[in-house]
>>> print(open('start-v1.tsv').read())   # TSV, N, CA and C atoms
chain	number	residue	atom	x	y	z
Y	6	MET	N	-1.47	-10.37	29.35
Y	6	MET	CA	-0.67	-9.21	29.56
Y	6	MET	C	0.62	-9.63	30.24
Y	7	ALA	N	1.73	-9.19	29.72
Y	7	ALA	CA	3.02	-9.54	30.28
Y	7	ALA	C	3.40	-8.52	31.35
Y	8	LEU	N	3.94	-9.04	32.42
Y	8	LEU	CA	4.39	-8.16	33.50
Y	8	LEU	C	5.90	-8.03	33.45
Y	9	SER	N	6.40	-6.84	33.65
Y	9	SER	CA	7.83	-6.60	33.65
Y	9	SER	C	8.32	-6.39	35.08
Y	10	LEU	N	9.47	-6.92	35.35
Y	10	LEU	CA	10.10	-6.69	36.64
Y	10	LEU	C	10.76	-5.32	36.59
Y	11	PRO	N	10.98	-4.70	37.75
Y	11	PRO	CA	11.56	-3.36	37.75
Y	11	PRO	C	12.91	-3.26	37.05
Y	12	GLY	N	13.70	-4.34	37.04
Y	12	GLY	CA	15.02	-4.29	36.43
Y	12	GLY	C	15.02	-4.58	34.94
Y	13	GLU	N	13.88	-4.97	34.37
Y	13	GLU	CA	13.83	-5.32	32.95
Y	13	GLU	C	13.56	-4.07	32.11
Y	14	ARG	N	14.16	-4.06	30.93
Y	14	ARG	CA	13.90	-2.97	30.00
Y	14	ARG	C	12.77	-3.40	29.08
Y	15	SER	N	12.00	-2.44	28.64
Y	15	SER	CA	10.95	-2.76	27.69
Y	15	SER	C	11.56	-3.06	26.33
Y	16	LEU	N	10.79	-3.65	25.46
Y	16	LEU	CA	11.27	-3.99	24.12
Y	16	LEU	C	11.63	-2.73	23.35
Y	17	ALA	N	10.86	-1.66	23.51
Y	17	ALA	CA	11.16	-0.41	22.83
Y	17	ALA	C	12.48	0.17	23.30
Y	18	ALA	N	12.80	0.01	24.56
Y	18	ALA	CA	14.05	0.54	25.07
Y	18	ALA	C	15.23	-0.31	24.62
Y	19	ALA	N	14.99	-1.58	24.30
Y	19	ALA	CA	16.07	-2.47	23.90
Y	19	ALA	C	16.48	-2.27	22.45
Y	20	THR	N	15.59	-1.74	21.62
Y	20	THR	CA	15.94	-1.54	20.22
Y	20	THR	C	16.68	-0.21	20.06
Y	21	PRO	N	17.81	-0.24	19.40
Y	21	PRO	CA	18.56	1.00	19.24
Y	21	PRO	C	17.86	1.93	18.24
Y	22	ALA	N	17.89	3.20	18.55
Y	22	ALA	CA	17.27	4.19	17.67
Y	22	ALA	C	18.32	4.66	16.68
Y	23	ASN	N	18.04	4.46	15.40
Y	23	ASN	CA	18.95	4.89	14.35
Y	23	ASN	C	18.19	5.84	13.45
Y	24	PRO	N	18.38	7.12	13.62
Y	24	PRO	CA	17.61	8.08	12.83
Y	24	PRO	C	17.90	7.99	11.34
Y	25	PHE	N	19.13	7.63	10.96
Y	25	PHE	CA	19.44	7.50	9.54
Y	25	PHE	C	18.67	6.35	8.91
Y	26	ALA	N	18.60	5.22	9.60
Y	26	ALA	CA	17.85	4.07	9.08
Y	26	ALA	C	16.37	4.40	8.99
Y	27	ALA	N	15.84	5.13	9.96
Y	27	ALA	CA	14.44	5.54	9.90
Y	27	ALA	C	14.18	6.47	8.73
Y	28	PHE	N	15.12	7.37	8.47
Y	28	PHE	CA	14.98	8.28	7.33
Y	28	PHE	C	15.03	7.52	6.01
Y	29	VAL	N	15.91	6.54	5.90
Y	29	VAL	CA	16.01	5.74	4.68
Y	29	VAL	C	14.72	4.95	4.47
Y	30	ARG	N	14.15	4.39	5.54
Y	30	ARG	CA	12.87	3.67	5.42
Y	30	ARG	C	11.76	4.60	4.98
Y	31	TRP	N	11.76	5.83	5.51
Y	31	TRP	CA	10.74	6.80	5.14
Y	31	TRP	C	10.87	7.17	3.66
Y	32	ILE	N	12.08	7.36	3.18
Y	32	ILE	CA	12.31	7.67	1.77
Y	32	ILE	C	11.84	6.51	0.89
Y	33	ALA	N	12.14	5.28	1.28
Y	33	ALA	CA	11.73	4.11	0.51
Y	33	ALA	C	10.21	4.01	0.45
Y	34	LYS	N	9.54	4.27	1.57
Y	34	LYS	CA	8.08	4.24	1.58
Y	34	LYS	C	7.50	5.33	0.68
Y	35	ALA	N	8.08	6.51	0.72
Y	35	ALA	CA	7.60	7.62	-0.10
Y	35	ALA	C	7.79	7.31	-1.59
Y	36	LYS	N	8.92	6.72	-1.95
Y	36	LYS	CA	9.17	6.37	-3.34
Y	36	LYS	C	8.20	5.30	-3.82
Y	37	ALA	N	7.91	4.32	-2.97
Y	37	ALA	CA	6.97	3.26	-3.34
Y	37	ALA	C	5.56	3.82	-3.49
Y	38	ALA	N	5.17	4.73	-2.61
Y	38	ALA	CA	3.84	5.32	-2.70
Y	38	ALA	C	3.71	6.17	-3.96
Y	39	ARG	N	4.77	6.89	-4.32
Y	39	ARG	CA	4.73	7.70	-5.54
Y	39	ARG	C	4.65	6.81	-6.77
Y	40	ALA	N	5.41	5.72	-6.80
Y	40	ALA	CA	5.37	4.80	-7.94
Y	40	ALA	C	3.97	4.19	-8.08
Y	41	ARG	N	3.33	3.88	-6.95
Y	41	ARG	CA	1.97	3.33	-6.98
Y	41	ARG	C	0.99	4.36	-7.54
Y	42	ARG	N	1.11	5.62	-7.09
Y	42	ARG	CA	0.21	6.66	-7.59
Y	42	ARG	C	0.41	6.90	-9.09
Y	43	VAL	N	1.65	6.89	-9.54
Y	43	VAL	CA	1.93	7.09	-10.97
Y	43	VAL	C	1.35	5.95	-11.79
Y	44	ALA	N	1.50	4.71	-11.32
Y	44	ALA	CA	0.97	3.56	-12.05
Y	44	ALA	C	-0.56	3.60	-12.11
Y	45	LEU	N	-1.18	3.95	-11.00
Y	45	LEU	CA	-2.65	4.02	-11.00
Y	45	LEU	C	-3.14	5.18	-11.86
Y	46	SER	N	-2.43	6.29	-11.88
Y	46	SER	CA	-2.80	7.41	-12.73
Y	46	SER	C	-2.66	7.04	-14.20
Y	47	ALA	N	-1.66	6.24	-14.53
Y	47	ALA	CA	-1.50	5.78	-15.91
Y	47	ALA	C	-2.66	4.87	-16.31
Y	48	LEU	N	-3.14	4.08	-15.37
Y	48	LEU	CA	-4.31	3.24	-15.67
Y	48	LEU	C	-5.55	4.08	-15.95
Y	49	LEU	N	-5.67	5.21	-15.27
Y	49	LEU	CA	-6.83	6.08	-15.50
Y	49	LEU	C	-6.85	6.65	-16.91
Y	50	GLU	N	-5.69	6.71	-17.57
Y	50	GLU	CA	-5.62	7.25	-18.92
Y	50	GLU	C	-6.07	6.26	-19.98
Y	51	LEU	N	-6.21	4.98	-19.61
Y	51	LEU	CA	-6.65	3.98	-20.58
Y	51	LEU	C	-8.14	4.14	-20.87
Y	52	ASP	N	-8.54	3.70	-22.06
Y	52	ASP	CA	-9.96	3.80	-22.43
Y	52	ASP	C	-10.75	2.67	-21.76
Y	53	HIS	N	-12.06	2.79	-21.84
Y	53	HIS	CA	-12.96	1.86	-21.15
Y	53	HIS	C	-12.78	0.43	-21.65
Y	54	ALA	N	-12.61	0.25	-22.94
Y	54	ALA	CA	-12.47	-1.09	-23.50
Y	54	ALA	C	-11.21	-1.77	-22.97
Y	55	ARG	N	-10.11	-1.03	-22.90
Y	55	ARG	CA	-8.85	-1.61	-22.41
Y	55	ARG	C	-8.98	-1.97	-20.94
Y	56	LEU	N	-9.63	-1.11	-20.15
Y	56	LEU	CA	-9.84	-1.41	-18.73
Y	56	LEU	C	-10.74	-2.63	-18.57
Y	57	ASN	N	-11.73	-2.75	-19.43
Y	57	ASN	CA	-12.62	-3.90	-19.39
Y	57	ASN	C	-11.84	-5.18	-19.71
Y	58	ASP	N	-10.90	-5.10	-20.66
Y	58	ASP	CA	-10.05	-6.25	-20.96
Y	58	ASP	C	-9.21	-6.66	-19.75
Y	59	LEU	N	-8.80	-5.68	-18.97
Y	59	LEU	CA	-8.02	-5.97	-17.77
Y	59	LEU	C	-8.88	-6.46	-16.61
Y	60	GLY	N	-10.18	-6.27	-16.72
Y	60	GLY	CA	-11.10	-6.71	-15.67
Y	60	GLY	C	-11.29	-5.71	-14.56
Y	61	ILE	N	-11.00	-4.44	-14.83
Y	61	ILE	CA	-11.18	-3.40	-13.82
Y	61	ILE	C	-11.96	-2.24	-14.41
Y	62	SER	N	-12.44	-1.37	-13.54
Y	62	SER	CA	-13.17	-0.19	-13.98
Y	62	SER	C	-12.50	1.06	-13.41
Y	63	ARG	N	-12.93	2.21	-13.87
Y	63	ARG	CA	-12.38	3.46	-13.34
Y	63	ARG	C	-12.69	3.61	-11.85
Y	64	ASN	N	-13.86	3.11	-11.44
Y	64	ASN	CA	-14.21	3.18	-10.01
Y	64	ASN	C	-13.23	2.36	-9.17
Y	65	ASP	N	-12.79	1.21	-9.69
Y	65	ASP	CA	-11.81	0.40	-8.96
Y	65	ASP	C	-10.49	1.14	-8.82
Y	66	ILE	N	-10.09	1.85	-9.87
Y	66	ILE	CA	-8.83	2.58	-9.84
Y	66	ILE	C	-8.91	3.75	-8.86
Y	67	THR	N	-10.03	4.48	-8.90
Y	67	THR	CA	-10.15	5.61	-7.96
Y	67	THR	C	-10.23	5.11	-6.52
Y	68	ALA	N	-10.84	3.93	-6.30
Y	68	ALA	CA	-10.86	3.36	-4.95
Y	68	ALA	C	-9.45	2.98	-4.51
Y	69	ALA	N	-8.65	2.46	-5.43
Y	69	ALA	CA	-7.27	2.10	-5.10
Y	69	ALA	C	-6.44	3.35	-4.82
Y	70	LEU	N	-6.70	4.43	-5.55
Y	70	LEU	CA	-5.99	5.68	-5.29
Y	70	LEU	C	-6.36	6.27	-3.94
Y	71	ALA	N	-7.63	6.13	-3.56
Y	71	ALA	CA	-8.11	6.71	-2.30
Y	71	ALA	C	-7.68	5.88	-1.09
Y	72	ALA	N	-7.37	4.61	-1.30
Y	72	ALA	CA	-7.02	3.73	-0.19
Y	72	ALA	C	-5.66	4.13	0.38
Y	73	LYS	N	-5.59	4.21	1.68
Y	73	LYS	CA	-4.33	4.55	2.34
Y	73	LYS	C	-3.40	3.35	2.40
Y	74	SER	N	-3.97	2.17	2.48
Y	74	SER	CA	-3.14	0.97	2.57
Y	74	SER	C	-2.81	0.46	1.18
Y	75	HIS	N	-1.94	-0.51	1.13
Y	75	HIS	CA	-1.58	-1.12	-0.15
Y	75	HIS	C	-2.34	-2.42	-0.34
Y	76	ALA	N	-3.59	-2.41	0.05
Y	76	ALA	CA	-4.42	-3.59	-0.10
Y	76	ALA	C	-4.60	-3.90	-1.59
Y	77	PRO	N	-4.67	-5.16	-1.93
Y	77	PRO	CA	-4.81	-5.53	-3.35
Y	77	PRO	C	-6.22	-5.28	-3.87
Y	78	ILE	N	-6.59	-4.01	-3.97
Y	78	ILE	CA	-7.94	-3.65	-4.38
Y	78	ILE	C	-8.19	-4.04	-5.83
Y	79	LEU	N	-7.23	-3.78	-6.69
Y	79	LEU	CA	-7.42	-4.10	-8.10
Y	79	LEU	C	-7.46	-5.60	-8.34
Y	80	ASN	N	-6.67	-6.37	-7.58
Y	80	ASN	CA	-6.72	-7.82	-7.72
Y	80	ASN	C	-8.09	-8.36	-7.30
Y	81	ALA	N	-8.64	-7.80	-6.25
Y	81	ALA	CA	-9.97	-8.22	-5.79
Y	81	ALA	C	-11.02	-7.84	-6.84
Y	82	ALA	N	-10.88	-6.67	-7.44
Y	82	ALA	CA	-11.83	-6.25	-8.47
Y	82	ALA	C	-11.75	-7.16	-9.69
Y	83	ARG	N	-10.53	-7.52	-10.09
Y	83	ARG	CA	-10.37	-8.41	-11.24
Y	83	ARG	C	-10.99	-9.77	-10.95
Y	84	ALA	N	-10.80	-10.29	-9.74
Y	84	ALA	CA	-11.38	-11.58	-9.37
Y	84	ALA	C	-12.89	-11.50	-9.34
Y	85	ARG	N	-13.43	-10.40	-8.83
Y	85	ARG	CA	-14.88	-10.23	-8.78
Y	85	ARG	C	-15.45	-10.16	-10.19
Y	86	ASN	N	-14.81	-9.42	-11.08
Y	86	ASN	CA	-15.30	-9.29	-12.45
Y	86	ASN	C	-15.11	-10.55	-13.27
Y	87	ALA	N	-14.14	-11.38	-12.92
Y	87	ALA	CA	-13.93	-12.63	-13.63
Y	87	ALA	C	-15.06	-13.61	-13.35
Y	88	ARG	N	-15.63	-13.55	-12.15
Y	88	ARG	CA	-16.74	-14.44	-11.80
Y	88	ARG	C	-18.03	-14.02	-12.45
Y	89	ALA	N	-18.16	-12.73	-12.76
Y	89	ALA	CA	-19.42	-12.22	-13.29
Y	89	ALA	C	-19.62	-12.56	-14.73
>>> encode(input="start-v1.tsv", output="structure tokens")
Amino acid sequence: MALSLPGERSLAAATPANPFAAFVRWIAKAKAARARRVALSALLELDHARLNDLGISRNDITAALAAKSHAPILNAARARNARA
């Protein structure tokens, strides 16, 4: 644990607050999340044989849609199915 002297500013106080930059970052994150949802929804429209060729299943896609993080769920599923 780091100790601060009374005259030192914390790291949060040293970073300038720029509301416009924060808003731009929020917009970029929202656009990326929407693009991810659209891509995963498009995958759900594929038939079972095509998904099998890709090495994923509908359950993998729904798990990726439900995940809050951008973890590589589909990559892990493809790797798991490639070994089987």
>>> atom_distance(input="start-v1.tsv", atom1="atom C of Ala26 of chain Y", atom2="atom CA of Ser46 of chain Y")
29.1 Å
>>> residues_around(input="start-v1.tsv", residues="segment 35-38 of chain Y", least_positions_apart="5", cutoff="10 Å", atoms="only C-alpha atoms", output="compact mmCIF listing (two decimals) with N, CA and C atoms, in the frame of the given file")
# COMPACT_ATOMS: atom_id res chain seq x y z
N VAL Y 29 15.91 6.54 5.90
CA VAL Y 29 16.01 5.74 4.68
C VAL Y 29 14.72 4.95 4.47
N ARG Y 30 14.15 4.39 5.54
CA ARG Y 30 12.87 3.67 5.42
C ARG Y 30 11.76 4.60 4.98
N VAL Y 43 1.65 6.89 -9.54
CA VAL Y 43 1.93 7.09 -10.97
C VAL Y 43 1.35 5.95 -11.79
N ALA Y 44 1.50 4.71 -11.32
CA ALA Y 44 0.97 3.56 -12.05
C ALA Y 44 -0.56 3.60 -12.11
N LYS Y 73 -5.59 4.21 1.68
CA LYS Y 73 -4.33 4.55 2.34
C LYS Y 73 -3.40 3.35 2.40
N SER Y 74 -3.97 2.17 2.48
CA SER Y 74 -3.14 0.97 2.57
C SER Y 74 -2.81 0.46 1.18
N HIS Y 75 -1.94 -0.51 1.13
CA HIS Y 75 -1.58 -1.12 -0.15
C HIS Y 75 -2.34 -2.42 -0.34
>>> atom_distance(input="start-v1.tsv", atom1="atom N of Asn57 of chain Y", atom2="atom N of Arg41 of chain Y")
20.7 Å
>>> atom_distance(input="start-v1.tsv", atom1="atom N of Ala82 of chain Y", atom2="atom CA of Trp31 of chain Y")
28.4 Å
>>> closest_residue(input="start-v1.tsv", among="Y:Ala33, Y:Ala71, Y:Ala87, Y:Ala22", to="Asp58 of chain Y", atoms="only C-alpha atoms")
Y:Ala87
>>> decode(input="start-v1.tsv", residues="segment 10-82 of chain Y", atoms="C-alpha atoms", output="short mmCIF file (atom, residue, chain, number, x, y, z; two decimals), in the first residue's frame")
data_model
loop_
_atom_site.label_atom_id
_atom_site.label_comp_id
_atom_site.auth_asym_id
_atom_site.auth_seq_id
_atom_site.Cartn_x
_atom_site.Cartn_y
_atom_site.Cartn_z
CA LEU Y 10 2.13 12.79 2.05
CA PRO Y 11 -0.34 15.57 2.88
CA GLY Y 12 1.03 17.79 0.08
CA GLU Y 13 0.78 15.13 -2.65
CA ARG Y 14 -2.16 14.89 -4.99
CA SER Y 15 -3.69 11.54 -5.75
CA LEU Y 16 -3.40 10.10 -9.25
CA ALA Y 17 -7.11 10.72 -9.86
CA ALA Y 18 -6.70 14.37 -8.96
CA ALA Y 19 -3.71 14.71 -11.29
CA THR Y 20 -5.58 13.55 -14.40
CA PRO Y 21 -7.57 16.31 -16.04
CA ALA Y 22 -11.27 15.66 -16.44
CA ASN Y 23 -12.39 16.13 -20.02
CA PRO Y 24 -16.10 15.46 -20.36
CA PHE Y 25 -15.98 15.66 -24.17
CA ALA Y 26 -13.29 12.97 -24.37
CA ALA Y 27 -15.27 10.79 -21.96
CA PHE Y 28 -18.37 11.22 -24.11
CA VAL Y 29 -16.44 10.30 -27.27
CA ARG Y 30 -15.08 7.17 -25.55
CA TRP Y 31 -18.60 6.24 -24.45
CA ILE Y 32 -19.91 6.66 -28.02
CA ALA Y 33 -17.06 4.51 -29.38
CA LYS Y 34 -17.79 1.77 -26.84
CA ALA Y 35 -21.50 1.85 -27.66
CA LYS Y 36 -20.81 1.61 -31.40
CA ALA Y 37 -18.44 -1.32 -30.89
CA ALA Y 38 -20.96 -3.13 -28.68
CA ARG Y 39 -23.70 -2.61 -31.27
CA ALA Y 40 -21.47 -3.90 -34.09
CA ARG Y 41 -20.68 -6.97 -31.98
CA ARG Y 42 -24.38 -7.64 -31.31
CA VAL Y 43 -25.25 -7.24 -35.00
CA ALA Y 44 -22.47 -9.64 -36.04
CA LEU Y 45 -23.51 -12.24 -33.48
CA SER Y 46 -27.16 -11.90 -34.49
CA ALA Y 47 -26.16 -12.47 -38.12
CA LEU Y 48 -24.40 -15.66 -37.05
CA LEU Y 49 -27.63 -16.85 -35.41
CA GLU Y 50 -29.33 -16.67 -38.82
CA LEU Y 51 -26.96 -19.26 -40.32
CA ASP Y 52 -28.08 -22.87 -40.58
CA HIS Y 53 -26.67 -25.65 -38.41
CA ALA Y 54 -24.41 -27.06 -41.14
CA ARG Y 55 -22.76 -23.69 -41.78
CA LEU Y 56 -22.21 -23.13 -38.05
CA ASN Y 57 -20.74 -26.61 -37.79
CA ASP Y 58 -18.33 -25.73 -40.62
CA LEU Y 59 -17.27 -22.70 -38.61
CA GLY Y 60 -16.77 -24.85 -35.53
CA ILE Y 61 -19.39 -23.15 -33.37
CA SER Y 62 -22.92 -23.88 -32.22
CA ARG Y 63 -25.96 -21.75 -31.47
CA ASN Y 64 -25.27 -22.22 -27.76
CA ASP Y 65 -21.82 -20.67 -28.24
CA ILE Y 66 -23.36 -17.67 -30.00
CA THR Y 67 -26.01 -17.14 -27.33
CA ALA Y 68 -23.29 -17.39 -24.66
CA ALA Y 69 -21.28 -14.74 -26.51
CA LEU Y 70 -24.37 -12.51 -26.73
CA ALA Y 71 -25.05 -12.91 -23.01
CA ALA Y 72 -21.45 -12.17 -22.00
CA LYS Y 73 -20.90 -8.64 -20.79
CA SER Y 74 -17.20 -8.70 -21.59
CA HIS Y 75 -15.59 -9.03 -24.98
CA ALA Y 76 -13.96 -12.30 -24.07
CA PRO Y 77 -13.10 -14.47 -27.06
CA ILE Y 78 -15.89 -16.95 -26.38
CA LEU Y 79 -16.32 -18.01 -29.98
CA ASN Y 80 -12.58 -18.49 -30.46
CA ALA Y 81 -12.49 -20.74 -27.40
CA ALA Y 82 -15.48 -22.70 -28.71
#
